[in-house]
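So this one's protein-v1.cif, mmCIF, C-alpha atoms; chains and numbers go by the auth columns:
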```
data_model
#
loop_
_atom_site.group_PDB
_atom_site.id
_atom_site.type_symbol
_atom_site.label_atom_id
_atom_site.label_comp_id
_atom_site.label_asym_id
_atom_site.label_seq_id
_atom_site.Cartn_x
_atom_site.Cartn_y
_atom_site.Cartn_z
_atom_site.B_iso_or_equiv
_atom_site.auth_seq_id
_atom_site.auth_asym_id
ATOM 1 C CA MET A 1 70.298 -36.988 60.819 0.00 1 A
ATOM 2 C CA GLU A 2 71.130 -33.348 60.249 0.00 2 A
ATOM 3 C CA ILE A 3 68.562 -30.827 59.135 0.00 3 A
ATOM 4 C CA ILE A 4 68.420 -27.081 58.683 0.00 4 A
ATOM 5 C CA LEU A 5 65.795 -25.883 61.152 0.00 5 A
ATOM 6 C CA ASN A 6 64.996 -22.180 60.848 0.00 6 A
ATOM 7 C CA ASN A 7 68.324 -21.578 59.094 0.00 7 A
ATOM 8 C CA ARG A 8 70.367 -23.391 61.738 0.00 8 A
ATOM 9 C CA LEU A 9 71.996 -26.794 61.558 0.00 9 A
ATOM 10 C CA GLU A 10 70.350 -29.220 64.009 0.00 10 A
ATOM 11 C CA LYS A 11 71.404 -32.794 64.771 0.00 11 A
ATOM 12 C CA PHE A 12 69.019 -35.550 65.856 0.00 12 A
ATOM 13 C CA GLU A 13 69.708 -39.109 66.999 0.00 13 A
ATOM 14 C CA TYR A 14 66.954 -40.458 64.757 0.00 14 A
ATOM 15 C CA LYS A 15 67.135 -41.344 61.084 0.00 15 A
ATOM 16 C CA SER A 16 63.756 -39.668 60.611 0.00 16 A
ATOM 17 C CA ILE A 17 61.124 -38.027 62.763 0.00 17 A
ATOM 18 C CA THR A 18 57.546 -36.879 62.159 0.00 18 A
ATOM 19 C CA ILE A 19 56.814 -33.201 62.310 0.00 19 A
ATOM 20 C CA SER A 20 54.562 -33.659 65.370 0.00 20 A
ATOM 21 C CA GLU A 21 57.345 -35.493 67.226 0.00 21 A
ATOM 22 C CA LEU A 22 59.816 -32.803 66.305 0.00 22 A
ATOM 23 C CA LEU A 23 57.462 -30.040 67.493 0.00 23 A
ATOM 24 C CA LYS A 24 57.095 -31.822 70.845 0.00 24 A
ATOM 25 C CA GLU A 25 60.799 -32.396 71.222 0.00 25 A
ATOM 26 C CA LYS A 26 61.588 -28.764 70.420 0.00 26 A
ATOM 27 C CA ASN A 27 58.683 -27.435 72.540 0.00 27 A
ATOM 28 C CA PHE A 28 56.957 -25.589 69.709 0.00 28 A
ATOM 29 C CA SER A 29 53.321 -24.691 70.371 0.00 29 A
ATOM 30 C CA PHE A 30 50.971 -25.922 67.666 0.00 30 A
ATOM 31 C CA SER A 31 48.314 -23.294 67.158 0.00 31 A
ATOM 32 C CA ARG A 32 49.994 -20.347 65.455 0.00 32 A
ATOM 33 C CA ILE A 33 52.753 -21.767 63.354 0.00 33 A
ATOM 34 C CA ILE A 34 53.307 -22.111 59.643 0.00 34 A
ATOM 35 C CA ILE A 35 55.464 -25.060 58.655 0.00 35 A
ATOM 36 C CA LYS A 36 57.402 -25.370 55.421 0.00 36 A
ATOM 37 C CA LEU A 37 59.394 -28.486 54.634 0.00 37 A
ATOM 38 C CA ASN A 38 61.813 -28.011 51.749 0.00 38 A
ATOM 39 C CA GLY A 39 59.738 -25.028 50.652 0.00 39 A
ATOM 40 C CA GLN A 40 56.397 -26.884 50.701 0.00 40 A
ATOM 41 C CA LEU A 41 53.606 -25.892 53.075 0.00 41 A
ATOM 42 C CA ILE A 42 52.710 -28.650 55.542 0.00 42 A
ATOM 43 C CA LYS A 43 49.281 -28.251 57.163 0.00 43 A
ATOM 44 C CA LYS A 44 48.333 -29.505 60.597 0.00 44 A
ATOM 45 C CA PRO A 45 46.601 -32.763 59.508 0.00 45 A
ATOM 46 C CA GLU A 46 49.893 -33.753 57.853 0.00 46 A
ATOM 47 C CA TYR A 47 52.104 -33.147 60.914 0.00 47 A
ATOM 48 C CA GLN A 48 51.704 -36.749 62.087 0.00 48 A
ATOM 49 C CA THR A 49 52.280 -38.352 58.723 0.00 49 A
ATOM 50 C CA THR A 50 55.091 -36.203 57.351 0.00 50 A
ATOM 51 C CA TYR A 51 58.633 -37.318 58.094 0.00 51 A
ATOM 52 C CA VAL A 52 61.674 -35.105 58.274 0.00 52 A
ATOM 53 C CA ILE A 53 64.826 -36.822 57.034 0.00 53 A
ATOM 54 C CA ASN A 54 68.529 -36.125 56.673 0.00 54 A
ATOM 55 C CA ASN A 55 69.390 -32.907 54.800 0.00 55 A
ATOM 56 C CA ASP A 56 65.838 -31.555 54.934 0.00 56 A
ATOM 57 C CA LYS A 57 65.207 -27.849 55.325 0.00 57 A
ATOM 58 C CA LEU A 58 62.459 -27.155 57.825 0.00 58 A
ATOM 59 C CA ASP A 59 61.014 -23.732 58.583 0.00 59 A
ATOM 60 C CA ILE A 60 58.735 -23.271 61.578 0.00 60 A
ATOM 61 C CA ILE A 61 57.384 -19.745 61.549 0.00 61 A
ATOM 62 C CA HIS A 62 55.583 -18.385 64.609 0.00 62 A
ATOM 63 C CA MET A 63 52.868 -15.903 63.742 0.00 63 A
ATOM 64 C CA ILE A 64 52.661 -13.016 66.198 0.00 64 A
ATOM 65 C CA SER A 65 49.429 -11.127 66.906 0.00 65 A
ATOM 66 C CA GLY A 66 49.205 -7.405 66.175 0.00 66 A
ATOM 67 C CA GLY A 67 48.313 -5.299 63.181 0.00 67 A
ATOM 68 C CA MET B 1 62.185 4.719 36.508 0.00 68 B
ATOM 69 C CA THR B 2 60.400 8.060 36.678 0.00 69 B
ATOM 70 C CA PHE B 3 57.292 8.328 38.818 0.00 70 B
ATOM 71 C CA SER B 4 55.077 8.360 35.740 0.00 71 B
ATOM 72 C CA GLU B 5 56.759 5.183 34.443 0.00 72 B
ATOM 73 C CA ILE B 6 56.223 3.602 37.860 0.00 73 B
ATOM 74 C CA LYS B 7 52.537 4.571 37.886 0.00 74 B
ATOM 75 C CA ASN B 8 52.054 3.299 34.338 0.00 75 B
ATOM 76 C CA LYS B 9 53.484 -0.060 35.275 0.00 76 B
ATOM 77 C CA LEU B 10 51.647 -0.387 38.620 0.00 77 B
ATOM 78 C CA GLN B 11 48.351 0.477 36.957 0.00 78 B
ATOM 79 C CA ASN B 12 48.271 -3.029 35.467 0.00 79 B
ATOM 80 C CA TYR B 13 48.302 -4.822 38.810 0.00 80 B
ATOM 81 C CA THR B 14 45.844 -5.836 41.508 0.00 81 B
ATOM 82 C CA VAL B 15 46.732 -6.286 45.178 0.00 82 B
ATOM 83 C CA GLY B 16 44.500 -8.047 47.710 0.00 83 B
ATOM 84 C CA ILE B 17 44.392 -6.692 51.261 0.00 84 B
ATOM 85 C CA ALA B 18 43.111 -9.123 53.895 0.00 85 B
ATOM 86 C CA GLY B 19 42.106 -6.903 56.810 0.00 86 B
ATOM 87 C CA ALA B 20 41.597 -3.136 56.941 0.00 87 B
ATOM 88 C CA GLY B 21 43.100 -2.381 60.352 0.00 88 B
ATOM 89 C CA GLY B 22 46.511 -0.934 61.174 0.00 89 B
ATOM 90 C CA LEU B 23 48.428 -2.899 58.555 0.00 90 B
ATOM 91 C CA GLY B 24 45.772 -3.016 55.827 0.00 91 B
ATOM 92 C CA SER B 25 44.643 0.617 55.917 0.00 92 B
ATOM 93 C CA ASN B 26 48.180 2.035 55.918 0.00 93 B
ATOM 94 C CA CYS B 27 49.461 -0.411 53.301 0.00 94 B
ATOM 95 C CA ALA B 28 46.483 0.298 51.009 0.00 95 B
ATOM 96 C CA VAL B 29 46.982 4.059 51.267 0.00 96 B
ATOM 97 C CA SER B 30 50.684 3.787 50.382 0.00 97 B
ATOM 98 C CA LEU B 31 49.934 1.560 47.398 0.00 98 B
ATOM 99 C CA ALA B 32 47.246 3.961 46.169 0.00 99 B
ATOM 100 C CA ARG B 33 49.619 6.924 46.517 0.00 100 B
ATOM 101 C CA THR B 34 52.178 5.051 44.424 0.00 101 B
ATOM 102 C CA GLY B 35 49.637 4.337 41.685 0.00 102 B
ATOM 103 C CA ILE B 36 48.574 0.708 42.057 0.00 103 B
ATOM 104 C CA GLY B 37 45.819 -0.129 39.557 0.00 104 B
ATOM 105 C CA LYS B 38 43.369 -1.987 41.766 0.00 105 B
ATOM 106 C CA LEU B 39 42.955 -2.945 45.423 0.00 106 B
ATOM 107 C CA ILE B 40 40.633 -5.685 46.671 0.00 107 B
ATOM 108 C CA ILE B 41 40.045 -5.039 50.365 0.00 108 B
ATOM 109 C CA ALA B 42 38.162 -7.357 52.748 0.00 109 B
ATOM 110 C CA ASP B 43 37.181 -6.752 56.380 0.00 110 B
ATOM 111 C CA PHE B 44 33.955 -7.067 58.394 0.00 111 B
ATOM 112 C CA ASP B 45 34.840 -4.688 61.228 0.00 112 B
ATOM 113 C CA THR B 46 33.596 -1.200 62.088 0.00 113 B
ATOM 114 C CA ILE B 47 35.786 1.712 63.178 0.00 114 B
ATOM 115 C CA ASP B 48 36.212 2.146 66.917 0.00 115 B
ATOM 116 C CA GLU B 49 37.782 5.138 68.632 0.00 116 B
ATOM 117 C CA SER B 50 40.602 2.873 69.848 0.00 117 B
ATOM 118 C CA ASN B 51 41.583 2.215 66.201 0.00 118 B
ATOM 119 C CA LEU B 52 42.568 5.829 65.615 0.00 119 B
ATOM 120 C CA ASN B 53 45.941 5.370 67.346 0.00 120 B
ATOM 121 C CA ARG B 54 47.270 3.623 64.239 0.00 121 B
ATOM 122 C CA GLN B 55 44.659 3.045 61.530 0.00 122 B
ATOM 123 C CA TYR B 56 44.030 5.320 58.531 0.00 123 B
ATOM 124 C CA TYR B 57 40.637 6.614 59.668 0.00 124 B
ATOM 125 C CA PHE B 58 39.251 9.817 61.099 0.00 125 B
ATOM 126 C CA TYR B 59 37.256 10.774 64.167 0.00 126 B
ATOM 127 C CA ASN B 60 34.087 11.436 62.145 0.00 127 B
ATOM 128 C CA GLN B 61 34.268 7.898 60.699 0.00 128 B
ATOM 129 C CA ILE B 62 33.812 6.116 64.051 0.00 129 B
ATOM 130 C CA GLY B 63 31.035 3.523 63.678 0.00 130 B
ATOM 131 C CA GLU B 64 31.437 3.219 59.894 0.00 131 B
ATOM 132 C CA LYS B 65 32.417 -0.029 58.245 0.00 132 B
ATOM 133 C CA LYS B 66 36.183 -0.005 57.758 0.00 133 B
ATOM 134 C CA VAL B 67 36.010 -1.033 54.100 0.00 134 B
ATOM 135 C CA ASN B 68 33.571 1.781 53.241 0.00 135 B
ATOM 136 C CA ALA B 69 35.626 4.400 55.065 0.00 136 B
ATOM 137 C CA LEU B 70 38.906 3.180 53.579 0.00 137 B
ATOM 138 C CA LYS B 71 37.470 3.320 50.068 0.00 138 B
ATOM 139 C CA LYS B 72 36.438 6.940 50.653 0.00 139 B
ATOM 140 C CA ASN B 73 39.804 7.863 52.150 0.00 140 B
ATOM 141 C CA ILE B 74 41.709 6.299 49.266 0.00 141 B
ATOM 142 C CA ASN B 75 39.423 7.896 46.680 0.00 142 B
ATOM 143 C CA SER B 76 40.229 11.288 48.125 0.00 143 B
ATOM 144 C CA ILE B 77 43.958 10.563 47.701 0.00 144 B
ATOM 145 C CA ASN B 78 44.045 8.921 44.265 0.00 145 B
ATOM 146 C CA HIS B 79 41.023 8.625 41.956 0.00 146 B
ATOM 147 C CA ASP B 80 42.888 6.341 39.589 0.00 147 B
ATOM 148 C CA THR B 81 43.142 3.373 41.946 0.00 148 B
ATOM 149 C CA GLU B 82 40.087 1.160 41.585 0.00 149 B
ATOM 150 C CA ILE B 83 38.858 -0.087 44.970 0.00 150 B
ATOM 151 C CA ILE B 84 36.774 -3.243 45.338 0.00 151 B
ATOM 152 C CA ILE B 85 35.532 -3.838 48.877 0.00 152 B
ATOM 153 C CA HIS B 86 34.149 -6.936 50.591 0.00 153 B
ATOM 154 C CA ASP B 87 32.358 -6.438 53.912 0.00 154 B
ATOM 155 C CA ILE B 88 32.881 -10.043 54.958 0.00 155 B
ATOM 156 C CA LYS B 89 34.693 -12.219 57.462 0.00 156 B
ATOM 157 C CA LEU B 90 37.430 -14.027 55.601 0.00 157 B
ATOM 158 C CA THR B 91 37.621 -17.801 55.975 0.00 158 B
ATOM 159 C CA GLU B 92 39.712 -20.609 54.558 0.00 159 B
ATOM 160 C CA ASP B 93 36.922 -21.207 52.013 0.00 160 B
ATOM 161 C CA ASN B 94 36.216 -17.679 50.741 0.00 161 B
ATOM 162 C CA ILE B 95 39.837 -16.403 50.627 0.00 162 B
ATOM 163 C CA PRO B 96 40.703 -18.013 47.251 0.00 163 B
ATOM 164 C CA LYS B 97 37.483 -16.718 45.677 0.00 164 B
ATOM 165 C CA ILE B 98 37.695 -13.136 46.937 0.00 165 B
ATOM 166 C CA PHE B 99 41.365 -12.712 46.029 0.00 166 B
ATOM 167 C CA SER B 100 41.352 -14.877 42.896 0.00 167 B
ATOM 168 C CA ASN B 101 42.543 -12.172 40.503 0.00 168 B
ATOM 169 C CA CYS B 102 45.228 -10.666 42.708 0.00 169 B
ATOM 170 C CA ASP B 103 48.879 -10.466 41.719 0.00 170 B
ATOM 171 C CA ILE B 104 49.928 -10.268 45.384 0.00 171 B
ATOM 172 C CA ILE B 105 48.041 -10.683 48.665 0.00 172 B
ATOM 173 C CA ILE B 106 48.760 -8.698 51.824 0.00 173 B
ATOM 174 C CA GLU B 107 48.069 -10.462 55.121 0.00 174 B
ATOM 175 C CA ALA B 108 46.884 -7.609 57.347 0.00 175 B
ATOM 176 C CA PHE B 109 45.055 -9.236 60.240 0.00 176 B
ATOM 177 C CA ASP B 110 45.674 -8.574 63.904 0.00 177 B
ATOM 178 C CA VAL B 111 45.125 -12.046 65.366 0.00 178 B
ATOM 179 C CA ALA B 112 47.828 -14.681 64.816 0.00 179 B
ATOM 180 C CA GLU B 113 45.338 -17.494 64.122 0.00 180 B
ATOM 181 C CA MET B 114 43.842 -15.482 61.248 0.00 181 B
ATOM 182 C CA LYS B 115 47.301 -14.727 59.867 0.00 182 B
ATOM 183 C CA LYS B 116 47.932 -18.463 59.789 0.00 183 B
ATOM 184 C CA ILE B 117 44.591 -19.192 58.074 0.00 184 B
ATOM 185 C CA LEU B 118 45.231 -16.628 55.339 0.00 185 B
ATOM 186 C CA ILE B 119 48.822 -17.687 54.694 0.00 186 B
ATOM 187 C CA GLU B 120 47.926 -21.376 54.523 0.00 187 B
ATOM 188 C CA ALA B 121 44.950 -20.710 52.239 0.00 188 B
ATOM 189 C CA VAL B 122 47.097 -18.725 49.793 0.00 189 B
ATOM 190 C CA LEU B 123 50.093 -21.077 49.880 0.00 190 B
ATOM 191 C CA SER B 124 47.918 -24.139 49.320 0.00 191 B
ATOM 192 C CA GLU B 125 45.150 -22.859 47.019 0.00 192 B
ATOM 193 C CA MET B 126 46.872 -20.005 45.165 0.00 193 B
ATOM 194 C CA LYS B 127 50.367 -21.356 44.750 0.00 194 B
ATOM 195 C CA GLN B 128 51.498 -18.765 42.195 0.00 195 B
ATOM 196 C CA THR B 129 50.472 -15.758 44.290 0.00 196 B
ATOM 197 C CA PRO B 130 52.993 -14.180 46.673 0.00 197 B
ATOM 198 C CA VAL B 131 51.653 -13.437 50.155 0.00 198 B
ATOM 199 C CA ILE B 132 53.202 -10.721 52.318 0.00 199 B
ATOM 200 C CA SER B 133 52.546 -11.045 56.036 0.00 200 B
ATOM 201 C CA GLY B 134 53.110 -8.691 58.975 0.00 201 B
ATOM 202 C CA SER B 135 54.210 -10.433 62.167 0.00 202 B
ATOM 203 C CA GLY B 136 55.538 -8.774 65.318 0.00 203 B
ATOM 204 C CA MET B 137 55.230 -4.990 65.614 0.00 204 B
ATOM 205 C CA ALA B 138 53.750 -4.170 69.035 0.00 205 B
ATOM 206 C CA GLY B 139 55.248 -1.479 71.254 0.00 206 B
ATOM 207 C CA TRP B 140 57.730 1.231 70.332 0.00 207 B
ATOM 208 C CA GLY B 141 61.415 1.784 69.574 0.00 208 B
ATOM 209 C CA ASP B 142 63.921 -0.832 68.387 0.00 209 B
ATOM 210 C CA ASN B 143 63.745 0.207 64.721 0.00 210 B
ATOM 211 C CA ASN B 144 66.420 -2.204 63.663 0.00 211 B
ATOM 212 C CA SER B 145 64.499 -5.282 64.778 0.00 212 B
ATOM 213 C CA LEU B 146 61.936 -4.681 62.018 0.00 213 B
ATOM 214 C CA GLN B 147 62.991 -6.715 59.014 0.00 214 B
ATOM 215 C CA SER B 148 61.613 -8.649 56.106 0.00 215 B
ATOM 216 C CA ARG B 149 62.499 -12.084 54.819 0.00 216 B
ATOM 217 C CA GLN B 150 61.366 -14.387 52.040 0.00 217 B
ATOM 218 C CA LEU B 151 60.540 -18.095 52.125 0.00 218 B
ATOM 219 C CA GLU B 152 59.629 -18.880 48.500 0.00 219 B
ATOM 220 C CA ASN B 153 56.232 -17.179 47.929 0.00 220 B
ATOM 221 C CA LEU B 154 55.831 -16.169 51.574 0.00 221 B
ATOM 222 C CA TYR B 155 57.284 -12.877 52.749 0.00 222 B
ATOM 223 C CA ILE B 156 57.284 -11.878 56.423 0.00 223 B
ATOM 224 C CA CYS B 157 57.709 -8.302 57.670 0.00 224 B
ATOM 225 C CA GLY B 158 58.155 -7.383 61.330 0.00 225 B
ATOM 226 C CA ASP B 159 60.287 -8.416 64.281 0.00 226 B
ATOM 227 C CA GLU B 160 58.568 -11.842 64.598 0.00 227 B
ATOM 228 C CA LYS B 161 58.633 -11.549 68.386 0.00 228 B
ATOM 229 C CA SER B 162 56.760 -8.529 69.862 0.00 229 B
ATOM 230 C CA ASN B 163 53.381 -9.774 71.040 0.00 230 B
ATOM 231 C CA ILE B 164 50.577 -7.339 71.760 0.00 231 B
ATOM 232 C CA SER B 165 49.418 -6.983 75.358 0.00 232 B
ATOM 233 C CA LYS B 166 47.868 -4.315 77.571 0.00 233 B
ATOM 234 C CA THR B 167 51.301 -2.900 78.351 0.00 234 B
ATOM 235 C CA ASN B 168 52.710 -3.463 74.856 0.00 235 B
ATOM 236 C CA PRO B 169 49.998 -2.135 72.548 0.00 236 B
ATOM 237 C CA PRO B 170 50.240 -1.752 68.785 0.00 237 B
ATOM 238 C CA LEU B 171 51.093 1.909 68.063 0.00 238 B
ATOM 239 C CA ALA B 172 51.125 4.014 64.908 0.00 239 B
ATOM 240 C CA PRO B 173 54.877 4.181 64.229 0.00 240 B
ATOM 241 C CA ARG B 174 55.818 0.496 64.277 0.00 241 B
ATOM 242 C CA VAL B 175 52.531 -0.675 62.747 0.00 242 B
ATOM 243 C CA ALA B 176 52.833 1.848 59.911 0.00 243 B
ATOM 244 C CA ILE B 177 56.498 0.918 59.401 0.00 244 B
ATOM 245 C CA VAL B 178 55.535 -2.734 58.917 0.00 245 B
ATOM 246 C CA ALA B 179 52.535 -1.796 56.720 0.00 246 B
ATOM 247 C CA ASN B 180 54.897 0.230 54.553 0.00 247 B
ATOM 248 C CA MET B 181 57.467 -2.568 54.473 0.00 248 B
ATOM 249 C CA GLN B 182 54.668 -4.698 53.030 0.00 249 B
ATOM 250 C CA ALA B 183 53.803 -1.997 50.468 0.00 250 B
ATOM 251 C CA ASN B 184 57.488 -1.571 49.649 0.00 251 B
ATOM 252 C CA LEU B 185 57.822 -5.294 48.942 0.00 252 B
ATOM 253 C CA VAL B 186 54.804 -5.102 46.625 0.00 253 B
ATOM 254 C CA LEU B 187 56.643 -2.435 44.628 0.00 254 B
ATOM 255 C CA GLU B 188 59.833 -4.491 44.605 0.00 255 B
ATOM 256 C CA ILE B 189 58.007 -7.554 43.263 0.00 256 B
ATOM 257 C CA LEU B 190 55.771 -5.771 40.730 0.00 257 B
ATOM 258 C CA LEU B 191 58.303 -3.290 39.374 0.00 258 B
ATOM 259 C CA ASN B 192 60.770 -6.133 38.753 0.00 259 B
ATOM 260 C CA LYS B 193 58.221 -8.041 36.658 0.00 260 B
ATOM 261 C CA LYS B 194 59.057 -8.248 32.969 0.00 261 B
#
```

Is it possible to give me this structure as structure tokens?
Amino acid sequence: MEIILNNRLEKFEYKSITISELLKEKNFSFSRIIIKLNGQLIKKPEYQTTYVINNDKLDIIHMISGG
Amino acid sequence: MTFSEIKNKLQNYTVGIAGAGGLGSNCAVSLARTGIGKLIIADFDTIDESNLNRQYYFYNQIGEKKVNALKKNINSINHDTEIIIHDIKLTEDNIPKIFSNCDIIIEAFDVAEMKKILIEAVLSEMKQTPVISGSGMAGWGDNNSLQSRQLENLYICGDEKSNISKTNPPLAPRVAIVANMQANLVLEILLNKK
């Protein structure tokens, strides 16, 4: 499948993958990120049950401390 | 638009400010100067001397609650902006209540985990309300790395990479730039409303 991850085209061998699997594979840390899948907020309890499929747009936004 | 047209329009709107530190205090002051109608400001913290390197407070306000001091400081800039303050620690549960009547919410925390909590609470419980976050502004220099971008109702201002640390502290110029990028986006959104 091909998805747009943070505005860049990414190819995966799988037909679909859960968000938690994708985070592991891409080495994202879990605690300070906001995830939007096709514009919809996905909260942490849904990471394991939400699948990313071909042509999806996924945004993983790291929040940075300071203010 | 003339400045009086701008003020007349902004007078109808309410902006929520979550956190009254470097981002929140500077953003609130800019919005009040521009003529925003009402600000709802929430923070539980008191002013420490170390805050004065970037936050809109004064030496004689050390020890005061930030929300009380900010209300006074804004009142002495613009009487016409109504200020509602909440001396409270914001949580997932109280965020939608406290900011329920806001047209836009400013995420102005310092800690990343709190930024996440606020953004998720607004995006899930207040789906119509835009939230403008500040993320990545520690240190100095590198003006051109400070940007803003939009993902539907979520706006992010900052460089999205500069973490705070002992040797990369948050300082007035970059923090105030990001706070004013947030205020500037508020104007862009509200002044474009029909």

Leaving out segment 38-43 of chain A and any residue of its chain fewer than 4 positions from it, which residues lie within 12 Å of it when counting only C-alpha atoms, given as a ChimeraX atom specification? /A:3-7,18-20,30-34,47-61 /B:183-184,186-194,217-221

What does the PyMOL selection byres ((chain B) within 6 of (chain A)) select in this file, as a list in words? Gly89, Leu90, Phe176, Asp177, Val178, Ala179, Glu180, Ser202, Gly203, Asn230 and Ile231 of chain B

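When atom CA of Gln195 of chain B is paired with atom CA of Asp147 of chain B, their separation reads 26.7 Å.
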
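Evaluated against this file, the PyMOL selection byres ((chain B and resi 134) around 9) yields Gly86, Ala87, Ser92, Ile108, Ala109, Asp110, Phe111, Asp112, Thr113, Glu131, Lys132, Lys133, Asn135, Ala136, Leu137, Lys138, Lys139, Ile152, His153 and Asp154 of chain B.
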
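The two atoms in question, atom CA of Val198 of chain B and atom CA of Ile172 of chain B, are spaced 4.8 Å apart.
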
Pick out the residues sitting within 12 Å of Asn211 of chain B, and hand them over as a short mmCIF file (atom, residue, chain, number, x, y, z; two decimals) with C-alpha atoms, in the frame of the given file; count all atoms listed in the file, and ignore anything fewer than 4 positions along from it in its own chain.
```cif
data_model
loop_
_atom_site.label_atom_id
_atom_site.label_comp_id
_atom_site.auth_asym_id
_atom_site.auth_seq_id
_atom_site.Cartn_x
_atom_site.Cartn_y
_atom_site.Cartn_z
CA MET B 204 55.23 -4.99 65.61
CA TRP B 207 57.73 1.23 70.33
CA SER B 215 61.61 -8.65 56.11
CA GLY B 225 58.16 -7.38 61.33
CA ASP B 226 60.29 -8.42 64.28
CA ARG B 241 55.82 0.50 64.28
CA ILE B 244 56.50 0.92 59.40
CA VAL B 245 55.54 -2.73 58.92
#
```

Counting all atoms listed in the file, the residue of B:Gly88, B:Gly130, B:Gly83, B:Pro240 that sits nearest Asp209 of chain B: B:Pro240

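Restricting the calculation to only C-alpha atoms, the smallest distance between Ile165 of chain B and any of B:Ile199, B:Leu258, B:Ile107, B:Ala99 is found for B:Ile107.
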
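If you look at atom CA of Gln122 of chain B and atom CA of Ile162 of chain B, they are 22.8 Å away from each other.
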
May I have the centre and edge lengths, in Å to one decimal, of an axis-aligned box around the listed atoms of segment 61-65 of chain A with 3 Å added to every side, as lines of an AutoDock Vina configuration file?
```
center_x = 53.4
center_y = -15.4
center_z = 64.2
size_x = 14.0
size_y = 14.6
size_z = 11.4
```

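Checking A:Leu37, A:Glu46, A:Leu22, A:Asn27 one by one against Glu10 of chain A, counting only C-alpha atoms, you find the shortest gap at A:Leu22.
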
Pick the closest to Val242 of chain B from B:Lys164, B:Arg121, B:Arg100, B:Lys105: which is it, counting all atoms listed in the file? B:Arg121

Any chance you could resolve the PyMOL selection byres ((chain B and resi 94) around 9) against this file and give the residues as a ChimeraX atom specification? /B:84,89-93,95-99,173,175,243,245-251

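With distances taken over all atoms listed in the file, B:Leu106 is the one residue among B:Leu106, B:Ile141, B:Leu77, B:Ala239 lying closest to Phe166 of chain B.
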